[in-house]
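A.B. asks: Can you read through this structure? Questions will come right after.
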Amino acid sequence: MNLFISGGCKNGKSYFAQEQAKRMAEEKNRSLYYLATMIPTDEEDQARIRRHVREREGWGFTTIEQGRDILGALKQADPRGVFLLDSVTALLSNEMFTASGQVDFTAPGRVKAQLLEFAEQTGNTIFVSDFIYGDPLQYDALTEAYRKGLADCDRALAWVCEQVVEVCYGNPYFFKG
Amino acid sequence: MERTGGSGVPADGILNMKLIIGGAYQGKLDYAKEHFGVESVFTCGRDLPQLDFSKDAIYGLEDFVLACVRSGVEAKDYLMEHRDELEDQVIICTDVSQGIVPMERELRDMREMTGRAMVWLAKEADCVVRVFCGLGQEIKGKK
């Protein structure tokens with residue numbers, strides 16, 4: 001069963017997602033993978049990653065570093081396993097905004113297709129995204145392109161996933177399943 | 001008859017009006033087309049403090065509110081004056097109530113004026129749906 005999770009920043013999405021992933025892997029007796037999507041660029045990122053790694057200790061996750069090309073993760077994992085992809089937000093950001101400063105406007109369409117393919121090939125993936133659509137600000141064209149692109153990925157995943165959950169301060173609301 | 005808007009039974013005083021809210025890019029208009037049979041749409045303009053009630057739906061109400069701010073009109077008052085024309089309408093508005101208080105005065109005013117208008121509209125509507133990633137959550141009434 002694929003599960004899509006979104007919600008506001010620091011609302012407990014990742015913890016909820018980890019619990020669901022662990023339970024799913026135990027019930028089905030499958031391997032448990034964590035798809036780490038953050039590509040660190042400074043000390044602040046390094047510290048955040050160290051904190052996340054500490055928080056996952058003892059959960060039984062095998063971590064796969066996959067900041068881009070999400071289907072590449074399947075070359076080093078059992079596709080029948082349970083995958084926690086945290087987050088769609090970071091994955092799209094990495095694909096769209098490259099280190100050289102270039103912006104790839106084709107990234108949203110490509111990432112969306114790859115995510116749908118990943119969901120279909122695995123069937124046991126938990127996708128975590130971020131709800132960044134609730135303020136009145138009008139951003140620059142680049143930021144709006146990214147927001148719209150992420151929303152397209154979110155909506156496509158919400159459409160195919162058997163369960164769709166919004167986590168609000170630790171409380172799940174099930175839009176589907 | 002008692003007002004029973006929360007239970008899904010339209011009562012006296014409640015309009016046959018649907019309100020669809022949700023964040024940006026969430027698929028609110030697609031939802032209106034799919035679930036409420038919306039075909040013709042009036043799209044609000046940021047410099048047009050007027051609404052056209054002749055279509056099935058009014059889309060982008062937050063832009064109408066911005067136009068109201070720019071021309072010194074209270075959006076809720078305008079809507080109250082046109083209450084009868086809201087019957088059989090589907091109103092679609094982006095939820096702009098979350099996030100940081102905007103630095104710009106105009107957007108701050110728009111955010112607050114939208115809230116005042118939406119609270120009134122939600123009270124009058126027989127159905128309020130929040131759209132999240134293309135999926136609907138009925139927060140008042142039933143489709």
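Labels for the structure tokens follow display order: chains A, B, ..., residues from 1 in each chain, ligands from 1.
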Leaving out Ala77 in chain A and any residue of its chain fewer than 3 positions from it, which residues lie within 10 Å of it when counting only C-alpha atoms, given as a list of chain:residue names?

C.D. replies: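 Counting only the stated atoms, we get A:Ser31, A:Leu32, A:Tyr33, A:Thr62, A:Ile64, A:Gly72, A:Ala73, A:Leu74, A:Arg80, A:Gly81, A:Val82, A:Phe83.
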
A.B. asks: Would you mind listing what lies within 10 Å of Val38 in chain B as a list in words, with only C-alpha atoms counted and same-chain residues fewer than 4 positions away left out?

C.D. replies: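 Residues near the query, excluding close chain neighbours: Leu29, Asp30, Tyr31, Ala32, Lys33, Glu34, Lys55, Asp56, Ala57, Ile58, Gln89 and Val90 of chain B.
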
A.B. asks: Hey, what does DSSP flag as helix (DSSP H, G or I) within range 13-101 of chain A? Can you give it to me as a ChimeraX atom specification?

C.D. replies: /A:13-28,43-56,70-76,88-96

A.B. asks: Rounded to one decimal place, report the CA of Met110 in chain B-CA of Glu62 in chain B distance in Å.

C.D. replies: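 Between CA of Met110 in chain B and CA of Glu62 in chain B the gap works out to 7.6 Å.
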
A.B. asks: Find the residues near Val131 in chain B: any atom within 6 Å, counting only C-alpha atoms, skip ones fewer than 5 places away on the same chain, and give them as a PyMOL selection string.

C.D. replies: chain B and resi 22+28+136

A.B. asks: What are the residues of chain A lining chain B at 10 Å or less? Count only C-alpha atoms, and put the answer as an mmCIF file with C-alpha atoms, in the first residue's frame.

C.D. replies:
data_model
loop_
_atom_site.group_PDB
_atom_site.id
_atom_site.type_symbol
_atom_site.label_atom_id
_atom_site.label_comp_id
_atom_site.auth_asym_id
_atom_site.auth_seq_id
_atom_site.Cartn_x
_atom_site.Cartn_y
_atom_site.Cartn_z
ATOM 1 C CA PHE A 4 1.042 10.031 0.793
ATOM 2 C CA SER A 6 1.640 16.165 3.731
ATOM 3 C CA GLY A 7 1.097 18.959 6.219
ATOM 4 C CA GLY A 8 2.713 22.062 7.622
ATOM 5 C CA PHE A 131 2.112 21.863 2.422
ATOM 6 C CA ILE A 132 3.449 25.234 1.214
ATOM 7 C CA TYR A 133 0.252 26.633 -0.275
ATOM 8 C CA GLY A 134 -1.469 28.491 2.535
ATOM 9 C CA ASP A 135 -0.138 32.032 2.566
ATOM 10 C CA PRO A 136 -1.195 35.108 0.600
ATOM 11 C CA LEU A 137 2.243 36.049 -0.678
ATOM 12 C CA GLN A 138 2.859 36.392 -4.368
ATOM 13 C CA GLU A 144 5.798 30.024 -8.113
ATOM 14 C CA ARG A 147 5.293 25.676 -5.820
ATOM 15 C CA LYS A 148 3.124 24.726 -8.782
ATOM 16 C CA GLY A 149 5.515 21.901 -9.709
ATOM 17 C CA LEU A 150 5.452 20.475 -6.199
ATOM 18 C CA ALA A 151 1.652 20.743 -6.113
ATOM 19 C CA ASP A 152 1.500 18.790 -9.397
ATOM 20 C CA CYS A 153 3.673 16.041 -7.881
ATOM 21 C CA ASP A 154 1.573 16.039 -4.687
ATOM 22 C CA ARG A 155 -1.727 15.803 -6.541
ATOM 23 C CA ALA A 156 -0.489 13.008 -8.810
ATOM 24 C CA LEU A 157 0.742 11.013 -5.793
ATOM 25 C CA ALA A 158 -2.453 11.708 -3.826
ATOM 26 C CA TRP A 159 -4.384 10.369 -6.800
ATOM 27 C CA VAL A 164 -3.649 10.184 1.800
ATOM 28 C CA VAL A 165 -3.030 11.828 5.141
ATOM 29 C CA GLU A 166 -2.597 15.367 6.378
ATOM 30 C CA TYR A 173 -6.511 13.377 9.057
ATOM 31 C CA PHE A 174 -7.310 10.773 6.401
ATOM 32 C CA PHE A 175 -8.436 12.268 3.094
ATOM 33 C CA LYS A 176 -8.379 8.796 1.625
#

A.B. asks: Neighbouring residues of Ile70 in chain A were defined as those with any atom within 9 Å, considering only C-alpha atoms; residues of the same chain fewer than 5 positions away were excluded. Please report them as a count of residues only.

C.D. replies: 7

A.B. asks: Could you give me, as an MDAnalysis selection string, the residues within 10 Å of range 116-130 of chain B, counting only C-alpha atoms and dropping anything in the same chain fewer than 6 positions from it?

C.D. replies: chainID B and resid 4:11 13:23 26 28 31:32 61:62 65 74:80 83 86:95 110 136:143

A.B. asks: Next, write the just-selected residues to a file, as a compact mmCIF listing (two decimals), in the first residue's frame, keeping N, CA and C atoms as the atom set.

C.D. replies:
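Dumped to out.txt:
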# COMPACT_ATOMS: atom_id res chain seq x y z
N THR B 4 -30.22 23.97 10.36
CA THR B 4 -29.48 22.73 10.58
C THR B 4 -28.34 22.61 9.58
N GLY B 5 -27.72 23.73 9.31
CA GLY B 5 -26.67 23.76 8.29
C GLY B 5 -25.56 22.74 8.50
N GLY B 6 -25.22 22.47 9.75
CA GLY B 6 -24.11 21.56 10.00
C GLY B 6 -24.45 20.11 9.68
N SER B 7 -25.74 19.77 9.68
CA SER B 7 -26.12 18.37 9.49
C SER B 7 -26.30 18.01 8.04
N GLY B 8 -26.20 18.99 7.14
CA GLY B 8 -26.31 18.67 5.73
C GLY B 8 -27.70 18.89 5.18
N VAL B 9 -28.67 19.19 6.00
CA VAL B 9 -30.02 19.46 5.50
C VAL B 9 -30.19 20.96 5.32
N PRO B 10 -30.41 21.42 4.10
CA PRO B 10 -30.59 22.86 3.92
C PRO B 10 -31.83 23.34 4.67
N ALA B 11 -31.70 24.42 5.39
CA ALA B 11 -32.82 24.94 6.14
C ALA B 11 -33.09 26.37 5.70
N GLY B 13 -33.00 30.09 5.35
CA GLY B 13 -31.93 31.03 5.67
C GLY B 13 -30.58 30.59 5.15
N ILE B 14 -30.47 29.32 4.73
CA ILE B 14 -29.19 28.89 4.19
C ILE B 14 -29.31 28.78 2.68
N LEU B 15 -28.33 29.31 1.99
CA LEU B 15 -28.39 29.35 0.53
C LEU B 15 -27.97 28.03 -0.08
N ASN B 16 -28.51 27.76 -1.25
CA ASN B 16 -27.99 26.65 -2.05
C ASN B 16 -26.71 27.18 -2.73
N MET B 17 -25.67 27.25 -1.94
CA MET B 17 -24.41 27.82 -2.41
C MET B 17 -23.27 26.96 -1.87
N LYS B 18 -22.32 26.66 -2.74
CA LYS B 18 -21.19 25.81 -2.34
C LYS B 18 -19.94 26.67 -2.25
N LEU B 19 -19.17 26.43 -1.23
CA LEU B 19 -17.94 27.17 -1.03
C LEU B 19 -16.78 26.19 -1.07
N ILE B 20 -15.83 26.45 -1.96
CA ILE B 20 -14.67 25.57 -2.07
C ILE B 20 -13.43 26.36 -1.71
N ILE B 21 -12.72 25.90 -0.69
CA ILE B 21 -11.52 26.59 -0.26
C ILE B 21 -10.34 25.61 -0.31
N GLY B 22 -9.16 26.13 -0.17
CA GLY B 22 -7.96 25.29 -0.19
C GLY B 22 -6.76 26.11 -0.59
N GLY B 23 -5.59 25.55 -0.41
CA GLY B 23 -4.36 26.26 -0.73
C GLY B 23 -4.19 26.45 -2.23
N GLN B 26 -4.15 23.50 -5.52
CA GLN B 26 -4.62 22.23 -4.97
C GLN B 26 -5.68 21.53 -5.81
N LYS B 28 -8.80 23.12 -6.84
CA LYS B 28 -10.13 23.54 -6.41
C LYS B 28 -11.11 23.64 -7.58
N TYR B 31 -12.04 20.28 -8.90
CA TYR B 31 -12.97 19.66 -7.96
C TYR B 31 -14.39 20.18 -8.21
N ALA B 32 -14.52 21.48 -8.43
CA ALA B 32 -15.83 22.09 -8.68
C ALA B 32 -16.46 21.53 -9.96
N LEU B 61 -11.82 34.19 -5.69
CA LEU B 61 -12.44 35.26 -4.90
C LEU B 61 -11.40 36.13 -4.19
N GLU B 62 -10.23 35.54 -3.89
CA GLU B 62 -9.18 36.31 -3.22
C GLU B 62 -8.71 37.49 -4.08
N VAL B 65 -11.23 40.19 -3.68
CA VAL B 65 -10.99 40.86 -2.39
C VAL B 65 -9.84 41.86 -2.52
N GLU B 74 -15.47 47.10 1.30
CA GLU B 74 -15.40 45.92 2.16
C GLU B 74 -16.06 44.76 1.41
N ALA B 75 -15.28 43.71 1.12
CA ALA B 75 -15.78 42.61 0.28
C ALA B 75 -17.02 41.96 0.88
N LYS B 76 -17.00 41.78 2.19
CA LYS B 76 -18.15 41.14 2.85
C LYS B 76 -19.43 41.96 2.64
N ASP B 77 -19.33 43.29 2.72
CA ASP B 77 -20.50 44.15 2.52
C ASP B 77 -21.06 43.98 1.10
N TYR B 78 -20.14 43.94 0.13
CA TYR B 78 -20.56 43.75 -1.26
C TYR B 78 -21.31 42.42 -1.40
N LEU B 79 -20.77 41.37 -0.80
CA LEU B 79 -21.40 40.05 -0.90
C LEU B 79 -22.76 40.04 -0.22
N MET B 80 -22.85 40.71 0.95
CA MET B 80 -24.13 40.75 1.67
C MET B 80 -25.19 41.48 0.85
N ARG B 83 -26.60 39.10 -1.75
CA ARG B 83 -26.86 37.78 -1.17
C ARG B 83 -27.77 36.91 -2.05
N LEU B 86 -26.26 34.96 -4.83
CA LEU B 86 -25.34 33.87 -4.50
C LEU B 86 -26.02 32.50 -4.57
N GLU B 87 -27.35 32.50 -4.60
CA GLU B 87 -28.10 31.24 -4.71
C GLU B 87 -27.65 30.48 -5.97
N ASP B 88 -27.42 29.19 -5.82
CA ASP B 88 -27.00 28.29 -6.92
C ASP B 88 -25.58 28.56 -7.42
N GLN B 89 -24.80 29.34 -6.67
CA GLN B 89 -23.43 29.61 -7.10
C GLN B 89 -22.44 28.68 -6.40
N VAL B 90 -21.33 28.43 -7.09
CA VAL B 90 -20.19 27.76 -6.47
C VAL B 90 -19.09 28.82 -6.35
N ILE B 91 -18.65 29.08 -5.13
CA ILE B 91 -17.63 30.11 -4.90
C ILE B 91 -16.31 29.41 -4.57
N ILE B 92 -15.26 29.82 -5.27
CA ILE B 92 -13.95 29.18 -5.08
C ILE B 92 -12.95 30.24 -4.62
N CYS B 93 -12.31 29.95 -3.51
CA CYS B 93 -11.38 30.93 -2.93
C CYS B 93 -10.13 30.24 -2.39
N THR B 94 -8.98 30.79 -2.68
CA THR B 94 -7.74 30.27 -2.12
C THR B 94 -7.65 30.64 -0.65
N ASP B 95 -7.31 29.66 0.18
CA ASP B 95 -7.12 29.94 1.59
C ASP B 95 -5.79 30.67 1.77
N MET B 110 -5.75 42.48 2.47
CA MET B 110 -6.45 41.47 1.65
C MET B 110 -6.65 40.18 2.43
N GLY B 136 -11.17 16.21 -1.55
CA GLY B 136 -12.05 17.09 -0.80
C GLY B 136 -12.35 16.61 0.61
N GLN B 137 -12.48 17.58 1.50
CA GLN B 137 -12.89 17.31 2.89
C GLN B 137 -14.12 18.19 3.13
N GLU B 138 -15.25 17.56 3.36
CA GLU B 138 -16.47 18.34 3.58
C GLU B 138 -16.46 18.86 5.02
N ILE B 139 -16.29 20.16 5.17
CA ILE B 139 -16.24 20.69 6.53
C ILE B 139 -17.59 21.27 6.94
N LYS B 140 -18.52 21.37 6.00
CA LYS B 140 -19.90 21.73 6.36
C LYS B 140 -20.84 21.12 5.33
N GLY B 141 -21.92 20.50 5.81
CA GLY B 141 -22.93 19.97 4.91
C GLY B 141 -22.45 18.80 4.10
N LYS B 142 -23.28 18.40 3.15
CA LYS B 142 -22.94 17.28 2.26
C LYS B 142 -23.12 17.74 0.84
N LYS B 143 -22.33 17.12 -0.06
CA LYS B 143 -22.46 17.43 -1.48
C LYS B 143 -23.84 17.04 -1.96

A.B. asks: Quick check, in Å to one decimal: how far apart do CA of Gly60 in chain B and CA of Asp84 in chain B lie?

C.D. replies: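 If I compute the distance from CA of Gly60 in chain B to CA of Asp84 in chain B, I get 20.1 Å.
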